[in-house]
$ cat input36.txt   # compact mmCIF, C-alpha atoms
# COMPACT_ATOMS: atom_id res chain seq x y z
CA MET R 5 -8.88 30.55 -14.87
CA PRO R 6 -5.62 31.71 -13.31
CA ARG R 7 -2.73 29.27 -13.37
CA LEU R 8 -2.21 27.37 -10.16
CA SER R 9 1.05 28.03 -8.41
CA TRP R 10 3.23 25.20 -7.08
CA CYS R 11 1.97 25.71 -3.53
CA PRO R 12 -1.69 24.83 -4.16
CA ARG R 13 -0.53 21.84 -6.21
CA ALA R 14 1.54 20.59 -3.33
CA CYS R 15 -1.39 21.16 -1.00
CA ALA R 16 -3.65 19.13 -3.29
CA PHE R 17 -1.23 16.20 -3.15
CA ALA R 18 -0.78 16.59 0.60
CA LEU R 19 -4.54 16.70 1.18
CA LEU R 20 -4.96 13.37 -0.54
CA PHE R 21 -2.48 11.86 1.91
CA VAL R 22 -3.92 13.51 4.99
CA CYS R 23 -7.49 12.49 4.23
CA LEU R 24 -6.75 8.79 4.09
CA PRO R 25 -8.55 6.95 6.84
CA CYS R 26 -7.95 3.40 7.97
CA SER R 27 -10.21 0.70 6.64
CA SER R 28 -9.51 -2.62 5.00
CA ALA R 29 -8.34 -4.17 1.73
CA LEU R 30 -5.13 -3.55 -0.12
CA ALA R 31 -3.86 -4.01 -3.63
CA HIS R 32 -1.88 -3.02 -6.58
CA CYS R 33 -2.15 -4.82 -9.85
CA PHE R 34 -2.33 -8.51 -8.95
CA VAL R 35 -4.57 -10.76 -10.99
CA GLY R 36 -4.29 -14.37 -9.91
CA ALA R 37 -0.65 -15.30 -9.99
CA ARG R 38 0.14 -12.35 -12.27
CA PHE R 39 1.57 -9.05 -11.20
CA PHE R 40 1.24 -6.23 -13.71
CA PRO R 41 3.84 -3.58 -12.93
CA ALA R 42 3.07 0.09 -13.29
CA THR R 43 4.00 0.90 -16.85
CA LEU R 44 5.78 4.15 -17.66
CA ALA R 45 4.27 5.43 -20.88
CA THR R 46 0.83 3.85 -20.59
CA ASP R 47 -1.21 2.72 -17.59
CA ASP R 48 -1.69 -0.65 -15.93
CA PRO R 49 -5.21 -2.13 -15.83
CA CYS R 50 -5.91 -1.77 -12.11
CA VAL R 51 -7.01 0.78 -9.58
CA ALA R 52 -4.32 1.06 -6.95
CA ASP R 53 -2.67 3.01 -4.18
CA GLU R 54 0.53 4.13 -5.84
CA LEU R 55 2.81 7.07 -6.28
CA SER R 56 4.97 7.75 -9.31
CA LEU R 57 7.58 10.27 -8.24
CA PRO R 58 9.34 11.27 -10.26
CA THR R 59 8.83 10.28 -13.85
CA VAL R 60 11.52 11.96 -15.93
CA SER R 61 11.83 12.01 -19.70
CA TRP R 62 14.25 13.57 -22.11
CA SER R 63 13.59 13.80 -25.82
CA LYS R 64 14.04 15.91 -28.91
CA THR R 65 10.90 17.15 -30.58
CA GLY R 66 10.01 16.83 -34.24
CA ASP R 67 10.37 20.57 -34.79
CA VAL R 68 12.92 22.05 -37.17
CA PRO R 69 15.36 22.58 -35.63
CA PRO R 70 14.53 20.02 -32.93
CA ALA R 71 13.90 21.34 -29.44
CA THR R 72 15.19 19.55 -26.38
CA GLU R 73 12.38 18.70 -23.99
CA TRP R 74 12.58 17.70 -20.33
CA ASP R 75 9.49 16.49 -18.52
CA VAL R 76 9.37 15.83 -14.80
CA SER R 77 6.09 14.56 -13.46
CA GLY R 78 4.43 13.03 -10.43
CA GLU R 79 1.19 11.14 -10.01
CA LEU R 80 -0.63 9.91 -6.94
CA SER R 81 -3.26 7.19 -7.31
CA LYS R 82 -5.69 6.37 -4.53
CA ARG R 83 -8.53 3.95 -4.20
CA ILE R 84 -11.85 5.32 -2.99
CA THR R 85 -13.36 1.85 -2.74
CA GLY R 86 -11.91 -1.49 -3.72
CA ASP R 87 -12.94 -0.96 -7.35
CA LEU R 88 -13.03 2.81 -7.71
CA GLY R 89 -9.93 4.98 -7.75
CA ILE R 90 -8.75 8.47 -8.48
CA SER R 91 -5.40 9.87 -9.43
CA ILE R 92 -3.94 13.33 -9.67
CA GLY R 93 -0.82 14.23 -11.54
CA ASP R 94 1.09 17.03 -13.12
CA THR R 95 4.13 17.56 -15.31
CA TRP R 96 6.74 20.25 -15.33
CA THR R 97 8.16 20.80 -18.80
CA GLN R 98 11.15 22.64 -20.16
CA ILE R 99 11.62 23.17 -23.90
CA ARG R 100 14.82 24.56 -25.36
CA GLN R 101 14.98 25.31 -29.06
CA PRO R 102 17.98 26.94 -30.72
CA GLY R 103 17.20 30.53 -31.60
CA ASN R 104 14.15 30.68 -29.37
CA PRO R 105 13.67 31.53 -25.71
CA THR R 106 13.50 28.60 -23.30
CA LEU R 107 9.97 27.70 -22.30
CA ALA R 108 9.23 26.15 -18.94
CA GLY R 109 6.21 25.56 -16.80
CA PHE R 110 3.56 23.14 -15.68
CA SER R 111 1.19 21.37 -17.97
CA ASP R 112 -2.45 21.25 -17.03
CA LEU R 113 -3.36 19.38 -13.89
CA GLU R 114 -4.59 15.90 -14.76
CA THR R 115 -7.08 13.87 -12.77
CA THR R 116 -8.34 10.40 -13.58
CA LEU R 117 -11.34 8.52 -12.26
CA GLN R 118 -11.04 4.76 -12.75
CA TYR R 119 -13.38 1.84 -12.20
CA GLN R 120 -12.24 -1.77 -12.10
CA LEU R 121 -14.57 -3.59 -14.47
CA MET R 122 -13.29 -7.05 -13.71
CA LYS R 123 -10.44 -9.25 -12.62
CA ASN R 124 -10.31 -12.91 -13.56
CA ASP R 125 -7.64 -14.65 -11.52
CA GLN R 126 -7.69 -17.92 -13.46
CA HIS R 127 -7.12 -16.22 -16.82
CA GLU R 128 -5.00 -13.36 -15.44
CA LEU R 129 -7.34 -10.90 -17.11
CA ALA R 130 -8.14 -7.39 -15.88
CA MET R 131 -10.29 -4.65 -17.40
CA LEU R 132 -10.61 -1.06 -16.31
CA LEU R 133 -12.55 2.04 -17.34
CA GLY R 134 -11.11 5.49 -16.86
CA LEU R 135 -12.08 9.10 -17.37
CA ILE R 136 -9.06 11.37 -17.73
CA PHE R 137 -9.64 15.09 -17.25
CA ASP R 138 -6.97 17.65 -18.09
CA TRP R 139 -7.98 20.85 -16.37
CA GLY R 140 -7.57 23.72 -18.82
CA GLY R 141 -6.07 26.93 -17.52
CA THR R 142 -4.18 25.23 -14.70
CA GLY R 143 -0.91 25.04 -16.62
CA ALA R 144 1.43 27.43 -18.35
CA SER R 145 -0.91 28.14 -21.24
CA ASN R 146 0.86 31.40 -22.07
CA SER R 147 3.93 29.40 -23.13
CA GLY R 148 1.93 26.70 -24.90
CA ILE R 149 2.77 24.02 -22.32
CA GLY R 150 -0.67 24.16 -20.79
CA THR R 151 -3.90 24.90 -22.63
CA PRO R 152 -6.71 27.35 -21.92
CA TYR R 153 -9.24 24.60 -22.59
CA SER R 154 -9.84 21.29 -20.83
CA GLN R 155 -9.58 17.87 -22.41
CA ILE R 156 -11.56 14.77 -21.53
CA THR R 157 -10.46 11.25 -22.42
CA PRO R 158 -12.69 8.26 -21.68
CA THR R 159 -10.31 5.30 -21.75
CA PHE R 160 -10.55 1.52 -21.65
CA TYR R 161 -7.64 -0.49 -20.24
CA PHE R 162 -6.95 -4.20 -20.18
CA GLY R 163 -4.24 -6.60 -19.11
CA LYS R 164 -3.83 -10.27 -19.91
CA GLY R 165 -1.22 -12.69 -18.64
CA LEU R 166 -0.44 -15.83 -20.57
CA GLY R 167 -0.18 -17.98 -17.46
CA ASP R 168 -3.31 -19.89 -18.41
CA LEU R 169 -1.60 -21.42 -21.42
CA PRO R 170 -0.96 -25.17 -21.10
CA ASP R 171 2.13 -26.18 -19.15
CA ASP R 172 3.66 -27.24 -22.46
CA ALA R 173 3.96 -23.56 -23.35
CA GLY R 174 6.70 -23.38 -20.74
CA ALA R 175 8.46 -20.06 -20.45
CA LEU R 176 5.99 -18.38 -22.82
CA ARG R 177 3.55 -18.31 -19.91
CA ALA R 178 5.59 -15.52 -18.33
CA PHE R 179 4.49 -13.11 -21.07
CA ALA R 180 1.71 -10.60 -20.54
CA ILE R 181 0.18 -7.83 -22.56
CA THR R 182 -1.58 -4.64 -21.55
CA GLY R 183 -3.40 -2.11 -23.66
CA GLN R 184 -5.48 1.00 -23.55
CA ILE R 185 -7.57 3.02 -25.96
CA GLY R 186 -9.15 6.38 -25.34
CA TYR R 187 -10.94 9.13 -27.21
CA GLN R 188 -9.72 12.61 -26.31
CA PHE R 189 -11.94 15.57 -26.99
CA PRO R 190 -11.43 19.17 -25.93
CA THR R 191 -14.01 21.38 -24.27
CA SER R 192 -13.43 23.93 -27.02
CA SER R 193 -13.20 23.26 -30.73
CA TYR R 194 -11.04 26.27 -31.65
CA ASP R 195 -7.96 27.76 -30.02
CA VAL R 196 -8.22 31.48 -30.55
CA ALA R 197 -4.71 32.19 -29.28
CA GLN R 198 -3.11 29.66 -31.61
CA GLY R 199 -5.58 30.31 -34.42
CA ALA R 200 -6.10 26.60 -34.95
CA TYR R 201 -8.76 23.97 -34.63
CA ILE R 202 -8.30 21.63 -31.70
CA PRO R 203 -8.44 18.05 -32.96
CA GLN R 204 -10.17 15.16 -31.30
CA LEU R 205 -7.73 12.31 -30.88
CA LEU R 206 -7.69 8.57 -30.63
CA VAL R 207 -5.10 7.87 -27.92
CA TYR R 208 -3.95 4.29 -27.65
CA GLY R 209 -1.05 2.11 -26.66
CA GLY R 210 0.03 -0.94 -24.79
CA SER R 211 2.86 -3.13 -23.65
CA ILE R 212 4.37 -6.56 -24.04
CA GLN R 213 6.14 -7.65 -20.89
CA TYR R 214 8.05 -10.69 -19.71
CA SER R 215 7.99 -11.34 -15.99
CA MET R 216 11.11 -12.90 -14.55
CA PRO R 217 9.44 -13.10 -11.10
CA TYR R 218 6.62 -15.09 -12.69
CA LEU R 219 9.09 -17.36 -14.47
CA LYS R 220 10.87 -18.12 -11.21
CA SER R 221 7.87 -18.73 -8.99
CA GLU R 222 5.34 -20.26 -11.37
CA ILE R 223 7.21 -21.94 -14.25
CA LYS R 224 10.84 -22.81 -13.62
CA ASP R 225 13.39 -21.65 -11.11
CA TYR R 226 16.63 -21.40 -13.06
CA GLN R 227 18.39 -20.16 -9.93
CA LEU R 228 19.37 -16.98 -11.68
CA PRO R 229 20.92 -14.11 -9.74
CA ASP R 230 18.42 -12.43 -7.46
CA PHE R 231 18.64 -9.15 -9.36
CA ILE R 232 17.60 -10.85 -12.60
CA ASN R 233 14.62 -12.46 -10.88
CA HIS R 234 13.28 -8.98 -10.10
CA LEU R 235 13.27 -7.74 -13.69
CA ILE R 236 10.42 -7.34 -16.12
CA PRO R 237 11.69 -6.56 -19.63
CA ILE R 238 9.04 -4.59 -21.45
CA VAL R 239 8.23 -2.90 -24.74
CA GLU R 240 5.65 -0.16 -24.52
CA ALA R 241 4.07 1.78 -27.35
CA GLN R 242 1.88 4.85 -27.32
CA PHE R 243 0.14 6.55 -30.23
CA SER R 244 -2.12 9.48 -30.94
CA THR R 245 -4.18 9.85 -34.10
CA PRO R 246 -6.32 12.89 -35.01
CA VAL R 247 -9.78 11.69 -35.96
CA ALA R 248 -12.01 14.77 -36.00
CA ASN R 249 -11.98 18.57 -36.06
CA ASN R 250 -8.48 18.51 -37.47
CA TYR R 251 -8.86 21.14 -40.18
CA GLY R 252 -5.54 22.62 -41.16
CA ASN R 253 -3.54 20.38 -38.81
CA SER R 254 -1.35 17.42 -39.63
CA PRO R 255 -3.33 14.18 -39.88
CA ILE R 256 -0.28 12.10 -39.01
CA THR R 257 -0.30 9.56 -36.23
CA THR R 258 2.42 10.27 -33.70
CA GLY R 259 3.86 8.07 -31.02
CA THR R 260 6.82 6.26 -29.61
CA VAL R 261 7.91 2.67 -29.10
CA ASN R 262 9.65 2.23 -25.76
CA PRO R 263 11.82 -0.82 -25.08
CA GLY R 264 13.05 -0.99 -21.52
CA VAL R 265 13.05 -2.82 -18.25
CA ILE R 266 11.35 -2.51 -14.87
CA TYR R 267 12.98 -3.62 -11.63
CA VAL R 268 10.28 -4.72 -9.20
CA SER R 269 10.86 -4.78 -5.47
CA SER R 270 8.44 -5.31 -2.59
CA TYR R 271 7.72 -1.65 -2.02
CA TYR R 272 8.82 0.15 -5.14
CA GLN R 273 9.82 -0.30 -8.73
CA VAL R 274 12.27 1.48 -10.99
CA GLY R 275 11.72 1.65 -14.72
CA LEU R 276 13.92 2.81 -17.56
CA GLU R 277 12.94 2.93 -21.22
CA ALA R 278 14.21 4.29 -24.51
CA GLN R 279 11.72 6.38 -26.45
CA ILE R 280 11.90 5.70 -30.18
CA PRO R 281 9.74 8.04 -32.28
CA VAL R 282 7.66 6.24 -34.90
CA ASN R 283 8.10 9.07 -37.41
CA ARG R 284 9.61 12.50 -37.84
CA ALA R 285 6.56 14.24 -36.45
CA SER R 286 6.92 12.25 -33.23
CA GLY R 287 10.44 13.33 -32.43
CA THR R 288 14.06 13.34 -33.42
CA GLY R 289 16.36 10.60 -32.24
CA VAL R 290 15.95 8.37 -29.25
CA GLY R 291 14.74 9.78 -25.96
CA VAL R 292 14.89 8.38 -22.46
CA LEU R 293 12.12 7.78 -19.91
CA GLY R 294 12.68 6.82 -16.28
CA GLN R 295 10.42 6.39 -13.30
CA LEU R 296 10.55 5.72 -9.59
CA HIS R 297 7.28 4.23 -8.43
CA PHE R 298 6.09 3.43 -4.90
CA TYR R 299 3.49 0.85 -3.87
CA LEU R 300 1.69 2.74 -1.14
CA ASP R 301 -0.50 -0.23 -0.25
CA ASP R 302 2.62 -2.18 0.68
CA MET R 303 4.49 0.68 2.29
CA PHE R 304 1.58 1.72 4.46
CA PRO R 305 -0.70 -1.33 4.68
CA SER R 306 -2.74 -0.03 7.60
CA SER R 307 -3.08 3.62 6.65
CA PHE R 308 -2.31 5.20 3.26
CA GLY R 309 -2.57 1.87 1.51
CA GLN R 310 -6.22 1.37 2.37
CA PRO R 311 -9.17 2.41 0.24
CA LEU R 312 -10.99 5.46 1.55
CA LEU R 313 -14.26 3.59 1.92
CA GLY R 314 -14.80 -0.06 2.77
CA GLY R 315 -12.69 -2.84 1.37
CA THR R 316 -12.57 -5.40 -1.34
CA GLY R 317 -12.63 -8.31 1.03
CA ALA R 318 -9.51 -9.59 -0.64
CA ALA R 319 -6.02 -8.91 0.58
CA PRO R 320 -3.39 -8.12 -2.01
CA ARG R 321 -1.08 -10.49 -3.73
CA GLN R 322 2.59 -9.89 -3.76
CA PRO R 323 5.01 -10.96 -6.44
CA SER R 324 6.68 -14.19 -5.43
CA PHE R 325 10.34 -13.44 -5.90
CA MET D 30 15.23 29.72 -8.92
CA GLN D 31 11.69 28.40 -8.98
CA ARG D 32 12.94 25.33 -10.89
CA ILE D 33 15.57 24.65 -8.25
CA SER D 34 12.93 25.01 -5.54
CA LEU D 35 10.68 22.60 -7.38
CA MET D 36 13.43 20.04 -7.78
CA ARG D 37 14.26 20.33 -4.10
CA THR D 38 10.61 19.73 -3.24
CA TRP D 39 10.53 16.59 -5.38
CA ILE D 40 13.78 15.31 -4.00
CA ALA D 41 12.59 15.95 -0.45
CA THR D 42 9.30 14.16 -1.09
CA ALA D 43 11.02 11.17 -2.70
CA SER D 44 13.54 11.05 0.15
CA ALA D 45 10.77 11.09 2.73
CA LEU D 46 9.09 8.20 0.96
CA VAL D 47 12.29 6.20 0.82
CA LEU D 48 12.75 6.85 4.53
CA ALA D 49 9.19 5.77 5.21
CA LEU D 50 9.85 2.69 3.12
CA ALA D 51 12.91 1.89 5.16
CA THR D 52 11.09 2.28 8.45
CA THR D 53 8.14 0.16 7.37
CA ALA D 54 10.18 -2.58 5.77
CA ALA D 55 9.95 -4.71 8.90
CA GLY D 56 6.31 -5.47 8.13
CA ALA D 57 6.78 -7.05 4.76
CA HIS D 58 5.03 -9.77 2.82
CA ALA D 59 5.55 -13.44 2.24
CA PHE D 60 7.20 -14.02 -1.12
CA LEU D 61 8.10 -17.51 -2.24
CA ASP D 62 11.87 -17.39 -2.04
CA HIS D 63 12.54 -20.93 -3.14
CA ALA D 64 11.00 -24.37 -3.06
CA SER D 65 12.21 -27.93 -2.72
CA PRO D 66 11.92 -29.55 -5.18
CA LEU D 67 12.72 -26.46 -7.25
CA VAL D 68 9.93 -24.87 -9.25
CA GLY D 69 9.75 -26.61 -12.63
CA SER D 70 12.53 -29.07 -11.81
CA THR D 71 12.80 -32.77 -12.57
CA VAL D 72 13.85 -35.11 -9.78
CA ALA D 73 14.72 -38.78 -10.03
CA ALA D 74 12.49 -40.01 -7.24
CA ALA D 75 9.33 -38.70 -5.62
CA PRO D 76 10.17 -36.45 -2.64
CA HIS D 77 8.98 -37.34 0.85
CA GLU D 78 7.97 -33.74 1.40
CA VAL D 79 7.60 -30.40 -0.33
CA THR D 80 9.20 -27.40 1.34
CA LEU D 81 8.41 -23.79 0.57
CA SER D 82 10.59 -21.01 1.93
CA PHE D 83 9.17 -17.52 2.05
CA THR D 84 10.69 -14.15 2.59
CA GLN D 85 8.58 -13.46 5.67
CA SER D 86 7.11 -15.34 8.59
CA LEU D 87 3.71 -16.90 8.03
CA GLU D 88 0.48 -17.10 9.98
CA PRO D 89 0.10 -20.88 10.38
CA SER D 90 -3.69 -20.84 10.68
CA PHE D 91 -4.22 -19.28 7.27
CA SER D 92 -1.37 -20.70 5.21
CA THR D 93 -1.87 -23.89 3.23
CA VAL D 94 -0.21 -26.03 0.61
CA GLU D 95 -1.72 -28.73 -1.56
CA VAL D 96 0.13 -31.25 -3.73
CA ILE D 97 -1.64 -32.97 -6.62
CA GLY D 98 -0.03 -36.12 -7.99
CA PRO D 99 0.31 -37.40 -11.56
CA LYS D 100 -3.10 -39.07 -11.45
CA GLY D 101 -4.90 -35.92 -10.34
CA ALA D 102 -5.39 -36.91 -6.72
CA ARG D 103 -4.07 -35.10 -3.67
CA VAL D 104 -0.91 -36.72 -2.44
CA ASP D 105 0.03 -34.36 0.37
CA ALA D 106 -0.17 -35.59 3.93
CA GLY D 107 -2.68 -32.95 4.98
CA LYS D 108 -2.01 -29.98 7.19
CA ALA D 109 1.27 -28.30 6.49
CA GLN D 110 3.89 -27.77 9.17
CA ILE D 111 4.69 -24.09 9.40
CA SER D 112 7.59 -22.65 11.30
CA GLY D 113 8.67 -19.09 10.79
CA ASN D 114 8.97 -18.54 7.08
CA THR D 115 8.97 -22.20 6.08
CA MET D 116 6.03 -24.32 5.08
CA ARG D 117 6.47 -28.06 4.59
CA VAL D 118 4.10 -30.88 3.88
CA GLY D 119 4.64 -34.62 3.56
CA VAL D 120 4.05 -36.27 0.19
CA LYS D 121 2.76 -39.81 -0.33
CA ALA D 122 4.52 -41.85 -2.96
CA ALA D 123 2.62 -41.56 -6.23
CA GLY D 124 5.13 -42.61 -8.83
CA PRO D 125 6.63 -40.77 -11.75
CA GLY D 126 4.92 -37.89 -13.51
CA THR D 127 4.02 -34.26 -12.98
CA TYR D 128 3.14 -32.97 -9.54
CA HIS D 129 1.26 -29.70 -9.03
CA VAL D 130 1.82 -27.61 -5.92
CA HIS D 131 -0.73 -24.94 -4.93
CA TRP D 132 -0.03 -22.72 -1.97
CA HIS D 133 -1.69 -19.90 -0.10
CA ALA D 134 0.20 -17.87 2.46
CA LEU D 135 -0.78 -15.21 4.94
CA SER D 136 2.13 -13.20 6.22
CA VAL D 137 2.23 -11.91 9.76
CA ASP D 138 1.14 -8.47 8.57
CA THR D 139 -2.01 -10.10 7.10
CA HIS D 140 -1.10 -9.87 3.43
CA LYS D 141 -2.21 -12.86 1.40
CA THR D 142 -0.10 -14.40 -1.34
CA GLN D 143 -0.68 -17.44 -3.45
CA GLY D 144 0.87 -19.34 -6.29
CA SER D 145 1.29 -22.69 -7.96
CA PHE D 146 4.00 -24.58 -9.76
CA THR D 147 4.90 -28.04 -10.97
CA PHE D 148 7.80 -30.40 -10.58
CA HIS D 149 8.42 -33.67 -12.36
CA VAL D 150 9.42 -37.07 -11.06
CA GLY D 151 11.28 -39.49 -13.31
CA GLN D 152 12.72 -38.93 -16.77
$ encode --input "input36.txt" --output "structure tokens"
Amino acid sequence: MPRLSWCPRACAFALLFVCLPCSSALAHCFVGARFFPATLATDDPCVADELSLPTVSWSKTGDVPPATEWDVSGELSKRITGDLGISIGDTWTQIRQPGNPTLAGFSDLETTLQYQLMKNDQHELAMLLGLIFDWGGTGASNSGIGTPYSQITPTFYFGKGLGDLPDDAGALRAFAITGQIGYQFPTSSYDVAQGAYIPQLLVYGGSIQYSMPYLKSEIKDYQLPDFINHLIPIVEAQFSTPVANNYGNSPITTGTVNPGVIYVSSYYQVGLEAQIPVNRASGTGVGVLGQLHFYLDDMFPSSFGQPLLGGTGAAPRQPSF
Amino acid sequence: MQRISLMRTWIATASALVLALATTAAGAHAFLDHASPLVGSTVAAAPHEVTLSFTQSLEPSFSTVEVIGPKGARVDAGKAQISGNTMRVGVKAAGPGTYHVHWHALSVDTHKTQGSFTFHVGQ
């Protein structure tokens, strides 16, 4: 399949916007009194109308000598119904390694179909199923940034706020956790060009987050500066472990632990995290990950922020800052 | 050159969104800005009313507040008075202890919000 140029990619994004009719129901990730922000390295446990643009990361790879890698990506998420959503995203990557030519290009186009399994407001619990599809041949496979084969990753996501703890738990109730686990398998078992087997991977991760907005509106108002009351300190982690068809490849689990903070506003959020490799194979030194994220359901409540079909019957919750 | 063009496209798209954000900001949502008594605070004597101030104007017909006293019974005076972005409700004297406040708000652009908190009366 020939590699898509930038123009058709832009058209694909634009088409998603243009095709959005008006209906009812709005939401991003509110579960009872809890708001789960869009996490940077993993995913939150809700279908939503959101746009991450851009997400930028800088890191040094685990190669010898290490290569410097820049990734700039965008992702648009759109609800089809109140519980069913799709997203489309892509990443532009540049890799510079001393002594080697600079590689740059798009990774494979990624689409995700997600279904909201449940939301329990009282226990601040959300569960989500997703099917991630990386479309082989749509990226710069000649430079190794894209792949000639597709990859499919069924994924389970969850989020749980601790707001249902007894009042005695006090400020601990502002904590929340999210997690996800997926099994990634390629549509081909052997990469002829690379001369290597393509492993099947267990892809997993999660976050621990502390919501200052929740602390202020649900637990105790310390009358902190307004800026502080918009922050959600967070530690994310993401891992990948080869579990099958890994002949001749490294069996090592790779991943990063990402401490950072997310500033949450009414219509957008800004996140910044450090990326700490868990081992040498995962990278060299500490990288940086940043994201600007828009809540389309709040920005365009009567148009883009509506599901394509029908509604949930429930209007969205907003963080109470 | 292609990279520069790509970056320009991203910057233009992000700028357009920020502009759209700015132009739609008038139709925002009702966040709890502050409450009296303060969320989680301890006051010496039971208040005569609970006041909630939101970041946006409310739809009075669909915005409510309920106050539960230390003995588990409702102690609010009934229908809340709503004016602009402020919701207030009278509170019957119920002695010292922990009071629970549950509120639901509908902003003028029809977004629902809700929340709950406690405050304490006495030592």
$ interface_residues --input "input36.txt" --of "chain D" --to "chain R" --cutoff "6 Å" --atoms "only C-alpha atoms" --output "list in words"
Leu50, Phe60, Leu61, Asp62, Val68, Gly69, His140, Lys141, Thr142, Gly144, Ser145 and Phe146 of chain D
$ atom_distance --input "input36.txt" --atom1 "atom CA of R:Ile181" --atom2 "atom CA of D:Leu135"
28.5 Å
$ closest_residue --input "input36.txt" --among "R:Asp87, R:Asp112, R:Glu128, R:Glu277" --to "R:Leu313" --atoms "only C-alpha atoms"
R:Asp87
$ atom_distance --input "input36.txt" --atom1 "atom CA of R:Phe308" --atom2 "atom CA of R:Gln118"
18.2 Å
$ atom_distance --input "input36.txt" --atom1 "atom CA of R:Gln213" --atom2 "atom CA of R:Gln295"
16.5 Å
$ residues_near_point --input "input36.txt" --point "(-4.1, -24.3, 7.3)" --cutoff "12 Å" --atoms "only C-alpha atoms" --output "list in words"
Leu87, Glu88, Pro89, Ser90, Phe91, Ser92, Thr93, Val94, Glu95, Gly107, Lys108, Ala109, Gln110, Ile111, Met116, Arg117, Val118, Trp132, His133, Ala134 and Leu135 of chain D
$ residues_around --input "input36.txt" --residues "D:Ala122" --least-positions-apart "2" --cutoff "12 Å" --atoms "all atoms listed in the file" --output "PDB file with C-alpha atoms, in the coordinates of the input"
ATOM      1  CA  ALA D  74      12.490 -40.010  -7.240  1.00  0.00           C
ATOM      2  CA  ALA D  75       9.330 -38.700  -5.620  1.00  0.00           C
ATOM      3  CA  PRO D  76      10.170 -36.450  -2.640  1.00  0.00           C
ATOM      4  CA  HIS D  77       8.980 -37.340   0.850  1.00  0.00           C
ATOM      5  CA  GLU D  78       7.970 -33.740   1.400  1.00  0.00           C
ATOM      6  CA  VAL D  96       0.130 -31.250  -3.730  1.00  0.00           C
ATOM      7  CA  ILE D  97      -1.640 -32.970  -6.620  1.00  0.00           C
ATOM      8  CA  GLY D  98      -0.030 -36.120  -7.990  1.00  0.00           C
ATOM      9  CA  PRO D  99       0.310 -37.400 -11.560  1.00  0.00           C
ATOM     10  CA  LYS D 100      -3.100 -39.070 -11.450  1.00  0.00           C
ATOM     11  CA  ALA D 102      -5.390 -36.910  -6.720  1.00  0.00           C
ATOM     12  CA  ARG D 103      -4.070 -35.100  -3.670  1.00  0.00           C
ATOM     13  CA  VAL D 104      -0.910 -36.720  -2.440  1.00  0.00           C
ATOM     14  CA  ASP D 105       0.030 -34.360   0.370  1.00  0.00           C
ATOM     15  CA  ALA D 106      -0.170 -35.590   3.930  1.00  0.00           C
ATOM     16  CA  GLY D 119       4.640 -34.620   3.560  1.00  0.00           C
ATOM     17  CA  VAL D 120       4.050 -36.270   0.190  1.00  0.00           C
ATOM     18  CA  GLY D 124       5.130 -42.610  -8.830  1.00  0.00           C
ATOM     19  CA  PRO D 125       6.630 -40.770 -11.750  1.00  0.00           C
ATOM     20  CA  GLY D 126       4.920 -37.890 -13.510  1.00  0.00           C
ATOM     21  CA  TYR D 128       3.140 -32.970  -9.540  1.00  0.00           C
ATOM     22  CA  VAL D 150       9.420 -37.070 -11.060  1.00  0.00           C
TER      23      VAL D 150
END
$ closest_residue --input "input36.txt" --among "R:Ala248, R:Leu293, R:Leu133, R:Ala178" --to "R:Ser215" --atoms "only C-alpha atoms"
R:Ala178
$ residues_around --input "input36.txt" --residues "R:Gly291" --least-positions-apart "3" --cutoff "7 Å" --atoms "only C-alpha atoms" --output "list of chain:residue names"
R:Trp62, R:Ser63, R:Lys64, R:Ala278, R:Gln279, R:Ile280
$ residues_near_point --input "input36.txt" --point "(3.7, -13.6, 9.1)" --cutoff "6 Å" --atoms "all atoms listed in the file" --output "PyMOL selection string"
chain D and resi 85-88+136-138
$ closest_residue --input "input36.txt" --among "R:Pro281, R:Gly165, R:Pro49, R:Pro41" --to "R:Gln184" --atoms "only C-alpha atoms"
R:Pro49
$ axis_aligned_box --input "input36.txt" --around "stretch 59-66 of chain D" --padding-each-side "8 Å" --output "JSON"
{"center_x": 9.0, "center_y": -21.5, "center_z": -1.5, "size_x": 23.0, "size_y": 32.1, "size_z": 23.4}
$ residues_around --input "input36.txt" --residues "R:Asp94" --least-positions-apart "3" --cutoff "12 Å" --atoms "only C-alpha atoms" --output "ChimeraX atom specification"
/R:8-10,13-14,16-17,56-60,75-80,91,97,109-116,137-139,142-144,149-150
$ residues_around --input "input36.txt" --residues "R:Tyr214" --least-positions-apart "5" --cutoff "7 Å" --atoms "all atoms listed in the file" --output "compact mmCIF listing (two decimals) with C-alpha atoms, keeping the file's coordinate frame"
# COMPACT_ATOMS: atom_id res chain seq x y z
CA ALA R 178 5.59 -15.52 -18.33
CA PHE R 179 4.49 -13.11 -21.07
CA ALA R 180 1.71 -10.60 -20.54
CA ILE R 236 10.42 -7.34 -16.12
CA PRO R 237 11.69 -6.56 -19.63
CA ILE R 238 9.04 -4.59 -21.45
$ closest_residue --input "input36.txt" --among "R:Ile256, R:Ala173, R:Ala241, R:Leu166" --to "R:Asp125" --atoms "only C-alpha atoms"
R:Leu166
